[in-house]
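The file input_31.txt contains compact mmCIF, C-alpha atoms:
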# COMPACT_ATOMS: atom_id res chain seq x y z
CA MET A 165 -7.11 22.65 67.79
CA LEU A 166 -7.10 20.16 65.01
CA ARG A 167 -6.49 21.26 61.44
CA ARG A 168 -8.35 19.58 58.62
CA ARG A 169 -6.05 17.87 56.22
CA THR A 170 -6.67 18.61 52.56
CA LYS A 171 -5.80 16.18 49.81
CA ARG A 172 -3.00 17.53 47.65
CA LYS A 173 -3.62 17.38 43.97
CA ARG A 174 -1.19 15.33 41.97
CA ALA A 175 0.88 17.13 39.39
CA PHE A 176 1.56 15.53 36.04
CA SER A 177 4.35 16.26 33.64
CA ASN A 178 3.89 16.08 29.90
CA ASP A 179 7.50 15.08 29.37
CA PRO A 180 7.53 11.43 28.22
CA VAL A 181 11.30 11.27 28.72
CA SER A 182 11.07 11.86 32.46
CA GLY A 183 8.45 9.18 32.80
CA GLY A 184 5.89 11.45 34.42
CA PHE A 185 3.45 11.52 31.51
CA ASP A 186 0.00 10.14 32.31
CA PRO A 187 -2.05 9.76 29.12
CA ALA A 188 -5.24 9.17 31.06
CA GLY A 189 -4.85 12.01 33.51
CA ASP A 190 -5.19 15.74 33.49
CA HIS A 191 -2.22 17.17 31.58
CA ARG A 192 -2.23 20.47 33.40
CA SER A 193 0.45 21.14 35.95
CA TYR A 194 -0.82 22.28 39.36
CA ASP A 195 2.63 23.00 40.77
CA ARG A 196 3.51 25.85 38.42
CA GLU A 197 1.97 28.97 37.05
CA PRO A 198 0.48 28.92 33.54
CA ALA A 199 3.26 29.11 30.95
CA LYS A 200 3.74 32.48 29.36
CA LYS A 201 3.46 32.79 25.59
CA VAL A 202 6.78 32.00 23.97
CA PRO A 203 7.82 34.27 21.11
CA ASP A 204 7.76 32.69 17.67
CA GLN A 205 10.83 30.51 17.30
CA THR A 206 12.06 28.42 14.41
CA PHE A 207 13.96 25.17 14.43
CA LEU A 208 13.66 23.41 11.08
CA ILE A 209 13.17 26.46 8.85
CA PRO A 210 16.83 27.62 9.12
CA ILE A 211 17.97 24.07 8.38
CA ILE A 212 15.78 23.90 5.27
CA ASP A 213 16.91 27.35 4.13
CA ARG A 214 20.60 26.47 4.47
CA THR A 215 20.01 23.21 2.62
CA LEU A 216 18.31 24.95 -0.32
CA VAL A 217 21.02 27.62 -0.56
CA GLN A 218 23.77 25.00 -0.47
CA CYS A 219 22.02 22.90 -3.12
CA ALA A 220 21.67 25.99 -5.32
CA ARG A 221 25.39 26.70 -5.01
CA ASP A 222 26.25 23.07 -5.78
CA GLU A 223 23.66 22.99 -8.59
CA GLU A 224 21.93 19.99 -7.08
CA ASP A 225 18.21 19.26 -6.95
CA PRO A 226 17.19 17.56 -3.65
CA TYR A 227 14.48 14.99 -4.35
CA GLU A 228 13.77 16.79 -7.64
CA ALA A 229 11.82 19.40 -5.70
CA PRO A 230 13.37 22.88 -5.95
CA ALA A 231 14.02 23.96 -9.52
CA ARG A 232 17.02 26.20 -10.01
CA ALA A 233 17.14 29.53 -11.74
CA GLY A 234 20.12 29.90 -14.03
CA GLY A 235 22.16 26.70 -13.77
CA LYS A 236 24.91 25.71 -16.20
CA ARG A 237 23.79 25.74 -19.82
CA SER A 238 25.28 24.80 -23.15
CA LYS A 239 27.12 27.54 -24.98
CA TYR A 240 25.77 29.31 -28.04
CA ILE A 241 22.33 27.77 -27.97
CA ILE A 242 19.01 29.58 -28.31
CA HIS A 243 16.62 28.31 -25.64
CA ALA A 244 13.01 28.00 -26.72
CA SER A 245 11.76 29.09 -23.30
CA GLU A 246 13.55 32.46 -23.63
CA LEU A 247 12.53 33.44 -27.15
CA GLY A 248 9.22 34.97 -26.11
CA GLY A 249 10.79 37.26 -23.53
CA CYS A 250 13.43 39.99 -23.67
CA THR A 251 15.46 39.91 -26.88
CA ARG A 252 18.61 41.07 -25.11
CA LYS A 253 18.33 38.38 -22.45
CA ALA A 254 17.95 35.71 -25.13
CA PHE A 255 20.97 37.18 -26.92
CA PHE A 256 23.21 37.30 -23.82
CA SER A 257 22.22 33.73 -23.01
CA PHE A 258 23.06 32.72 -26.58
CA VAL A 259 26.59 34.14 -26.50
CA ASN A 260 27.07 32.93 -22.91
CA ALA A 261 27.71 36.42 -21.53
CA GLN A 262 28.86 36.92 -17.98
CA GLN A 263 26.07 36.60 -15.44
CA ASP A 264 25.69 38.61 -12.27
CA ASP A 265 27.09 36.95 -9.17
CA VAL A 266 23.84 36.64 -7.25
CA GLN A 267 23.75 34.85 -3.91
CA PRO A 268 21.18 32.04 -3.90
CA SER A 269 17.99 32.83 -2.01
CA ALA A 270 16.19 30.13 -0.02
CA GLN A 271 12.86 31.87 -0.65
CA ALA A 272 13.50 31.91 -4.41
CA GLN A 273 14.39 28.21 -4.28
CA ARG A 274 11.11 27.44 -2.53
CA TRP A 275 9.25 29.57 -5.06
CA PHE A 276 10.75 27.72 -8.02
CA GLY A 277 10.39 24.42 -6.20
CA ASN A 278 6.68 25.01 -5.70
CA GLY A 279 6.12 25.38 -9.43
CA HIS A 280 8.33 22.38 -10.15
CA ALA A 281 6.44 20.22 -7.65
CA GLY A 282 3.12 21.32 -9.16
CA HIS A 283 4.37 20.30 -12.58
CA ARG A 284 5.31 16.85 -11.30
CA ARG A 285 1.96 16.50 -9.58
CA VAL A 286 -0.05 17.29 -12.73
CA GLN A 287 2.16 14.98 -14.77
CA GLY A 288 1.25 12.27 -12.27
CA TYR A 289 -2.43 12.96 -12.96
CA LEU A 290 -1.82 12.47 -16.69
CA PHE A 291 0.03 9.20 -16.12
CA GLU A 292 -2.83 8.00 -13.93
CA ALA A 293 -5.31 8.89 -16.70
CA TRP A 294 -3.16 6.85 -19.11
CA LYS A 295 -3.05 3.94 -16.67
CA ARG A 296 -6.84 3.98 -16.16
CA LYS A 297 -7.62 4.75 -19.83
CA ILE A 298 -9.61 7.84 -18.87
CA GLY A 299 -10.59 10.34 -21.56
CA GLY A 300 -8.97 8.31 -24.30
CA VAL A 301 -5.40 8.98 -23.08
CA THR A 302 -3.26 6.23 -24.61
CA ARG A 303 0.30 7.50 -24.01
CA VAL A 304 2.18 10.20 -22.12
CA TRP A 305 5.80 11.22 -22.65
CA GLU A 306 7.41 13.52 -20.07
CA ASP A 307 10.39 15.92 -20.15
CA VAL A 308 11.00 15.49 -23.88
CA LYS A 309 14.30 16.99 -25.02
CA LEU A 310 14.33 18.47 -28.52
CA SER A 311 16.40 20.63 -30.83
CA ILE A 312 16.36 22.41 -34.19
CA PRO A 313 20.05 22.47 -35.20
CA SER A 314 19.55 24.76 -38.18
CA MET A 315 18.32 27.48 -35.81
CA CYS A 316 20.75 26.75 -32.94
CA MET A 317 17.66 26.00 -30.85
CA THR A 318 17.15 23.53 -28.04
CA GLY A 319 14.54 22.97 -25.36
CA GLU A 320 12.71 20.54 -23.11
CA LEU A 321 8.93 20.38 -23.13
CA ASP A 322 6.85 19.19 -20.18
CA SER A 323 4.85 16.42 -21.83
CA VAL A 324 3.40 15.03 -25.02
CA VAL A 325 -0.09 13.54 -24.60
CA GLU A 326 -1.51 11.01 -27.06
CA ILE A 327 -5.28 10.57 -27.46
CA ALA A 328 -6.84 7.47 -29.05
CA TYR A 329 -3.47 6.25 -30.37
CA ARG A 330 -3.66 8.96 -33.02
CA TYR A 331 -3.66 12.57 -31.84
CA ARG A 332 -0.63 13.99 -30.07
CA TYR A 333 -0.42 17.36 -28.32
CA VAL A 334 2.31 19.37 -26.64
CA PHE A 335 1.42 19.92 -22.97
CA GLU A 336 2.93 22.82 -21.01
CA PHE A 337 2.22 23.49 -17.33
CA LYS A 338 2.46 26.99 -15.84
CA THR A 339 1.62 28.60 -12.50
CA SER A 340 0.26 32.06 -11.78
CA GLY A 341 -0.67 34.24 -8.83
CA LYS A 342 -4.37 34.74 -8.11
CA ALA A 343 -4.56 38.32 -9.37
CA ALA A 344 -3.00 37.49 -12.74
CA PHE A 345 -4.68 34.09 -13.03
CA TYR A 346 -8.26 35.41 -13.19
CA LYS A 347 -7.27 38.00 -15.79
CA LEU A 348 -6.02 35.35 -18.22
CA ARG A 349 -8.08 35.08 -21.38
CA LYS A 350 -5.54 33.31 -23.58
CA ALA A 351 -2.01 31.95 -23.49
CA SER A 352 0.57 34.69 -23.20
CA GLU A 353 2.84 35.63 -26.10
CA THR A 354 5.78 34.01 -24.31
CA TRP A 355 3.93 30.73 -23.86
CA GLU A 356 2.77 30.70 -27.48
CA THR A 357 6.32 31.30 -28.71
CA GLN A 358 7.61 28.49 -26.52
CA THR A 359 4.96 25.98 -27.59
CA HIS A 360 5.40 26.86 -31.28
CA SER A 361 9.09 26.00 -31.01
CA TYR A 362 8.18 22.67 -29.44
CA MET A 363 5.49 21.92 -32.02
CA LYS A 364 7.89 22.65 -34.89
CA ALA A 365 10.59 20.42 -33.44
CA MET A 366 8.12 17.58 -32.73
CA LYS A 367 6.19 18.07 -35.99
CA LEU A 368 2.91 18.49 -34.09
CA THR A 369 0.05 20.85 -34.87
CA ALA A 370 -1.49 21.75 -31.49
CA SER A 371 -0.59 22.47 -27.87
CA VAL A 372 -2.40 22.77 -24.57
CA VAL A 373 -1.13 25.26 -21.97
CA MET A 374 -2.49 24.51 -18.49
CA VAL A 375 -2.20 27.20 -15.81
CA GLU A 376 -2.67 26.56 -12.08
CA CYS A 377 -3.48 29.28 -9.57
CA LYS A 378 -0.91 29.22 -6.78
CA ASP A 379 -3.43 30.33 -4.17
CA ASN A 380 -6.27 27.84 -4.63
CA GLN A 381 -5.11 25.32 -7.28
CA ASP A 382 -7.82 26.38 -9.72
CA LEU A 383 -6.97 25.35 -13.29
CA ARG A 384 -7.36 26.91 -16.71
CA GLU A 385 -6.19 25.62 -20.05
CA PHE A 386 -5.66 27.29 -23.41
CA TRP A 387 -5.62 25.72 -26.85
CA VAL A 388 -2.67 26.85 -29.01
CA PRO A 389 -2.80 25.64 -32.63
CA PHE A 390 0.28 25.92 -34.80
CA ASP A 391 0.35 29.20 -36.70
CA PRO A 392 2.78 29.34 -39.68
CA ASN A 393 2.85 33.15 -39.54
CA LYS A 394 3.88 33.14 -35.89
CA TRP A 395 6.55 30.55 -36.60
CA ALA A 396 7.93 32.74 -39.39
CA LYS A 397 8.40 35.55 -36.84
CA ILE A 398 10.19 33.15 -34.48
CA GLU A 399 12.55 32.10 -37.29
CA GLU A 400 13.20 35.75 -38.07
CA LYS A 401 14.06 36.47 -34.43
CA CYS A 402 16.49 33.55 -34.29
CA ASP A 403 18.18 34.66 -37.51
CA THR A 404 18.46 38.18 -36.10
CA LEU A 405 20.15 36.95 -32.93
CA ILE A 406 22.66 34.88 -34.89
CA THR A 407 23.38 37.66 -37.40
CA LEU A 408 23.94 40.25 -34.66
CA ALA A 409 26.28 37.93 -32.79
CA ARG A 410 28.32 37.32 -35.94
CA LYS A 411 28.71 41.07 -36.36
CA SER A 412 29.47 41.59 -32.65
CA LEU A 413 26.35 43.73 -32.32
CA ILE A 414 23.81 43.73 -29.50
CA PRO A 415 20.02 43.96 -29.99
CA LYS A 416 18.46 47.33 -29.24
CA ASP A 417 15.12 45.86 -28.18
CA ARG A 418 14.68 44.85 -24.55
CA ASP A 419 11.82 44.20 -22.17
CA GLU A 420 12.45 46.33 -19.09
CA SER A 421 9.71 44.61 -17.06
CA GLY A 422 12.08 41.78 -16.19
CA CYS A 423 15.26 43.78 -15.61
CA PHE A 424 15.11 43.49 -11.82
CA PHE A 425 15.38 39.68 -11.90
CA CYS A 426 17.61 39.39 -14.99
CA GLU A 427 20.98 37.74 -14.45
CA TYR A 428 22.50 39.82 -17.28
CA LYS A 429 21.43 43.29 -16.08
CA THR A 430 25.00 44.38 -15.25
CA THR A 431 26.35 43.28 -18.63
CA CYS A 432 23.35 44.86 -20.36
CA ALA A 433 23.81 48.18 -18.55
CA ARG A 434 27.51 48.39 -19.45
CA THR A 435 27.10 47.61 -23.14
CA LYS A 436 27.30 50.34 -25.77
CA GLY A 437 25.83 48.47 -28.69
CA ARG A 438 28.71 46.08 -29.39
CA ILE A 439 29.84 42.87 -27.75
CA ASP A 440 32.69 43.12 -25.31
CA TRP A 441 34.21 39.71 -25.86
CA ALA A 442 35.93 39.98 -22.50
CA THR A 443 32.54 39.20 -20.97
CA VAL A 444 32.22 35.87 -22.77
CA ASP A 445 34.37 32.77 -22.60
CA GLU A 446 35.37 32.61 -26.27
CA LYS A 447 34.19 33.46 -29.76
CA VAL A 448 30.96 31.88 -30.94
CA LYS A 449 31.33 28.49 -32.59
CA TRP A 450 28.69 28.57 -35.25
CA PRO A 451 26.88 25.26 -35.93
CA ARG A 452 25.92 26.30 -39.42
Give the structure from this file in structure tokens form.
Amino acid sequence: MLRRRTKRKRAFSNDPVSGGFDPAGDHRSYDREPAKKVPDQTFLIPIIDRTLVQCARDEEDPYEAPARAGGKRSKYIIHASELGGCTRKAFFSFVNAQQDDVQPSAQAQRWFGNGHAGHRRVQGYLFEAWKRKIGGVTRVWEDVKLSIPSMCMTGELDSVVEIAYRYRYVFEFKTSGKAAFYKLRKASETWETQTHSYMKAMKLTASVVMVECKDNQDLREFWVPFDPNKWAKIEEKCDTLITLARKSLIPKDRDESGCFFCEYKTTCARTKGRIDWATVDEKVKWPR
């Protein structure tokens, strides 16, 4: 009895290294059972995470992408970006109090890096508008460092935008989650305080705060004109911080909404109203 011979189907391998890959053929394998679903595995994510943590410890910024939270800062300086927040945090930063020893988080580095990258991207849009002469943009300055020595204040604003060779505005870029973004009706008190410090130092009269939604890149912008009354309150707050530090006293006011992420929460919790100079490097060197 003769058996009918059947043609055996050729099996192909998708491994280009072994040389069995046929780009024109059927890429299924007939010699093996269908592959079972492999559990989620990661290869590059751990490498990226370790890189970000190491850069945070070394205070380096790879490719200017991830911004760092709490790097080295100058001593006894009031930072404009902190004035609108917790008074105690601004004070502890001013006297260079001891910070909590927090291990760097790769997720936090990516979070800060996302905002930093968005800032660079929008700055690129402004430079392109300057290059193409769109909307009357005639000049853009980025990352402008400034100071007000009489108030022990320093800062770095995102950009200054010039329109028609005449009008110049402070430009600040912020990011926000979707839930908070669509509730915004004006610039927050913290942003207004920050931009007023920049306007005073640059002798400008108006600012634009642009906010980007992290979820869908929707944009909103808020006009912030210079308000002399608001600036008077900022001056008063700076004078209060300096006076209290001279008397070795600590501000009573604090904003508890940011305590969880504050790098001074241990020092703040241990204080009893007066400065423990063991928690700072040396006595304050007053610039005025």
Contacts of Lys338 in chain A at 9 Å (all atoms listed in the file; same-chain gap of 3+ positions) as a list in words: Gly279, Gly282, His283, Trp355, Val373, Met374, Val375, Glu376 and Cys377 of chain A
Smallest atom-to-atom distance to Cys316 in chain A: which of A:Lys378, A:Tyr346, A:Ala365, A:Trp294, using only C-alpha atoms? A:Ala365
Nearest to Ile398 in chain A by atom-to-atom distance, counting only C-alpha atoms, from A:Val217, A:Val301, A:Met317, A:Ala351: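 Under the stated criterion, the closest residue is A:Met317.
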For CA of Tyr362 in chain A and CA of Ser412 in chain A, the interatomic separation in Å (one decimal):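 Interatomic distance, CA of Tyr362 in chain A to CA of Ser412 in chain A: 28.7 Å.
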Using CA of Leu310 in chain A and CA of Arg285 in chain A as the two end points, give the distance in Å to one decimal.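 Value for the CA of Leu310 in chain A-CA of Arg285 in chain A distance: 22.7 Å.
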Enter the distance from CA of Phe424 in chain A to CA of Gly341 in chain A, in Å, rounded to one decimal.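 Spanning CA of Phe424 in chain A to CA of Gly341 in chain A is a straight-line distance of 18.5 Å.
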Do you know which residues are at most 10 Å from Trp395 in chain A counting all atoms listed in the file, after dropping those on the same chain fewer than 2 positions away, and could you put them as a list in words?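 Listing them by chain and then by number gives Glu356, Thr357, His360, Ser361, Met363, Lys364, Phe390, Asp391, Pro392, Asn393, Lys397, Ile398, Glu399, Glu400 and Lys401 of chain A.
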